[in-house]
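Student: Here you go, one structure.
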Amino acid sequence: MSPVLQAEGLSKRYGRRLALSDCTLAIPPGRVVGLVGPNGAGKTTLLHIAVGLLRPTAGRIEVLGGQPASGAAQLAKVGFVAQDTPTYAGLSIADHLRFGAHTNPGWDQQVADDRITTLGLDPSQKAGKLSGGQRAQLALTLAIAKRPDLLILDEPVARLDPLARREFLQGLMAYIADHGAGVILSSHLVSDLERVCDYLIVLVASRVRVAGEVDDLLAGHCRLTGARRDPADLPKGVEVIEGSHTDRQSTLIVRSTTPIDDPSFTVEQITLEDLVLAYMAQAATGAVRTAALETQR
Amino acid sequence: MIEFHLDGRSGVAPYMQLIQQVRQAMRLGLLTEGDQLPTVKDVVAKVAINPNTVLKAYRELEYAGLVAARPGVGTFVIRTLTDESLAAHGPLREELRGWLARARAAGLDSESIEALFVTTFRTPIEETA
C-alpha cells in the first residue's frame, strides 16, 4: 500500500528563519502517527503544508497520493483540526453540524449525531459556552463526520485537563476502530501519545530527528550503564543519542542495529518518553553550548 | 465480560498487558469457554489505546488457542486455563496461609517473605530451562 504521506526534502523558510528543513518521510497507511517535538520545532508548519494551508519553499509532498488542497476530492479526503480546536463561538452545535453538512460532500450526519448524543451535548448550545474539552470534542466531530481517510490534528489535547484529554483520545480511537482512518497528531508531550500511537516522528529545531514504527524504535534503542568509557570505542552500528558521564560511570542512550552483548554494560529497555527526550537533548546540546559560550563573553 | 486497564508506568507493552489480563481472568475463572471478550471498539473507547494494539493482543490469544474470532460477531473464549486446578486453589491457599504464619513467627517481615518466595520460585525454573 502506498504511504499516506510522503515528503522529500521538504523545507519552509520565513525570511532567514527555517521553520522546516529537508524533511523526508514516508508514513505507512493505517497508522496513528505521533508528531512530537518542543514548541516551535516546526510541527504546525509540517501539518499546515500537509493540509495545503502553506506551500513549501522547497521539496515535494504527497498526501494520500495527491497534492495537498489540490481540489475538492483531495480536500474531502483529509480532515483537519487546527491548534486549540477552533469553533465559532456565536454558532450553536447544531449550526456547526449544518455548516459541516453543507460544505462536505461526504458528510455523515449519523456519525455526527451519534457523537453529540454520546458526549451528552445539547445541540442548541452555543460553542462559546462550551468547556475546552467539549469544544475539542465538537471540532473532532466536525473533522470525522466528513469521513476523511486521513485525520490531521494539531496539538488537540494540549490545553485540556487530564480527564478531557482521555475522553478526547477515547473518541478518536473509537472512530478509527470503526472506520480505519489514518491519523497524524502532534503534541509536545509524549505521554499524551504513548497509548495511542504506533508510529512516531520526533521533530526538533525544524528537522526530523527520528521516525518509525514505535515497536521498532523501542526495540532499536536502549540504555547502557557501566564504568566510565569513551563512547567512541563502542562497536560499529551503535550510535550514541545521548550520553552523560560522572567521574566513574557512563550512562548512554544508544541506537543499535544489533543486540549489545558487552558484559561491561548493563542494558536496559527505554520508554518512548526516554527516547523522545534523548533525541530532544541531542538536538539541544549544540544550541545549549553556544548559549553558554555567549553568556561567558 | 471483563474490562481492561492499562498501567502506563509498568514498562510492559500495552498489547502484552491486555494478554496478561485475559489470561489472569481465565486463570481465576472470571472468563470461561463461550464468554465474549470486549469488542475492539469497546476497548479503545474505554482505555483510549490504538485499535491495532487490541487486534494484536487478540491475534496472539488466538494463536495461543485461547480465543476464536467469529467474524461480525466478536471474539470468544474457547478454552479455559483453570481446568481442575481451580479446585486446588482453596487447599493451596490454606497451606500458603499456614506457611506465611510460620514465616512471620520466625521473624520474617513482608519484604523478606517476598524475596524468599521470589528467589525460591525462580530457582527451579532456571535449572530446568
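We name chains A, B, ... following the order of the C-alpha cells; residues begin at 1 in each chain, and ligands are numbered from 1 as shown.
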Mind listing as a list of chain:residue names which residues of chain B are within 12 Å of chain A, counting only C-alpha atoms?

Tutor: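 Taking only C-alpha atoms into account, B:His5, B:Leu6, B:Asp7, B:Gly8, B:Arg9, B:Ser10, B:Gly11, B:Val12, B:Ala13, B:Pro14, B:Tyr15, B:Thr39, B:Val40, B:Lys41, B:Asp42, B:Val43, B:Val44, B:Ala45, B:Lys46, B:Val47, B:Ala48, B:Ile49, B:Asn50, B:Pro51, B:Asn52, B:Thr53, B:Val54, B:Leu55, B:Lys56 sit within 12 Å of chain A.
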
Student: What does the file look like for those residues with C-alpha atoms, as a short mmCIF file (atom, residue, chain, number, x, y, z; two decimals), in the first residue's frame?

Tutor:
data_model
loop_
_atom_site.label_atom_id
_atom_site.label_comp_id
_atom_site.auth_asym_id
_atom_site.auth_seq_id
_atom_site.Cartn_x
_atom_site.Cartn_y
_atom_site.Cartn_z
CA HIS B 5 -6.99 -1.19 32.14
CA LEU B 6 -3.51 -0.03 31.27
CA ASP B 7 -0.56 0.68 33.52
CA GLY B 8 1.46 3.36 31.78
CA ARG B 9 4.40 3.01 34.16
CA SER B 10 4.83 -0.76 34.12
CA GLY B 11 7.16 -0.90 31.12
CA VAL B 12 5.16 -3.88 29.80
CA ALA B 13 3.98 -3.33 26.21
CA PRO B 14 0.27 -2.40 26.11
CA TYR B 15 -0.75 -5.40 23.97
CA THR B 39 -15.11 -5.66 21.13
CA VAL B 40 -12.13 -3.72 19.81
CA LYS B 41 -14.23 -0.57 19.71
CA ASP B 42 -15.35 -1.01 23.32
CA VAL B 43 -11.77 -1.48 24.47
CA VAL B 44 -10.36 1.55 22.66
CA ALA B 45 -13.33 3.71 23.67
CA LYS B 46 -12.67 2.82 27.30
CA VAL B 47 -8.89 2.57 27.53
CA ALA B 48 -8.01 5.15 24.82
CA ILE B 49 -5.46 2.96 23.05
CA ASN B 50 -4.72 2.22 19.42
CA PRO B 51 -7.13 -0.36 17.90
CA ASN B 52 -4.12 -2.17 16.39
CA THR B 53 -2.88 -2.83 19.92
CA VAL B 54 -6.12 -4.63 20.80
CA LEU B 55 -6.12 -6.53 17.49
CA LYS B 56 -2.54 -7.62 18.14
#

Student: Residues at most 9 Å from A:Gly90, counting only C-alpha atoms, excluding those fewer than 2 positions away in the same chain, as number ranges by chain?

Tutor: A: 87-88, 92, 126-129

Student: Please produce, as JSON lines, a per-residue contact table for stretch 120-173 of chain A versus stretch 54-78 of chain A (criterion: any atom at most 9 Å away, only C-alpha atoms considered), showing the nearest atom pair and its distance in Å to one decimal, sorted by chain then residue number.

Tutor:
{"residue": "A:Ala143", "atom": "CA", "partner": "A:Val78", "partner_atom": "CA", "distance": 8.6}
{"residue": "A:Lys146", "atom": "CA", "partner": "A:Ala76", "partner_atom": "CA", "distance": 7.1}
{"residue": "A:Arg147", "atom": "CA", "partner": "A:Lys77", "partner_atom": "CA", "distance": 7.6}
{"residue": "A:Pro148", "atom": "CA", "partner": "A:Lys77", "partner_atom": "CA", "distance": 4.6}
{"residue": "A:Asp149", "atom": "CA", "partner": "A:Lys77", "partner_atom": "CA", "distance": 5.2}
{"residue": "A:Leu150", "atom": "CA", "partner": "A:Val78", "partner_atom": "CA", "distance": 5.0}
{"residue": "A:Leu151", "atom": "CA", "partner": "A:Val78", "partner_atom": "CA", "distance": 5.9}
{"residue": "A:Ile152", "atom": "CA", "partner": "A:Val78", "partner_atom": "CA", "distance": 7.3}

Student: Run DSSP on the backbone and grab whatever in chain B lands in strand (DSSP E or B); send it over as a list in words.

Tutor: Gln36, Val67, Ala68, Ala69, Arg70, Gly74, Thr75, Phe76 and Val77 of chain B

Student: Extract, using only C-alpha atoms, all DNA, RNA and protein residues at most 10 Å from B:Gly65, discarding same-chain residues fewer than 5 positions from it, and format them as a ChimeraX atom specification.

Tutor: /B:59-60,77-80

Student: As a list of chain:residue names, please: the residues near stretch 235-252 of chain A (cut-off 9 Å, only C-alpha atoms, same-chain neighbours under 5 positions excluded).

Tutor: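 Surrounding residues, per the criterion: A:Cys222, A:Arg223, A:Leu224, A:Thr225, A:Gly226, A:Ala227, A:Arg228, A:Arg229, A:Asp230, A:Thr257, A:Thr258, A:Ile260, A:Leu275, A:Ala278, A:Tyr279, A:Ala281, A:Gln282.
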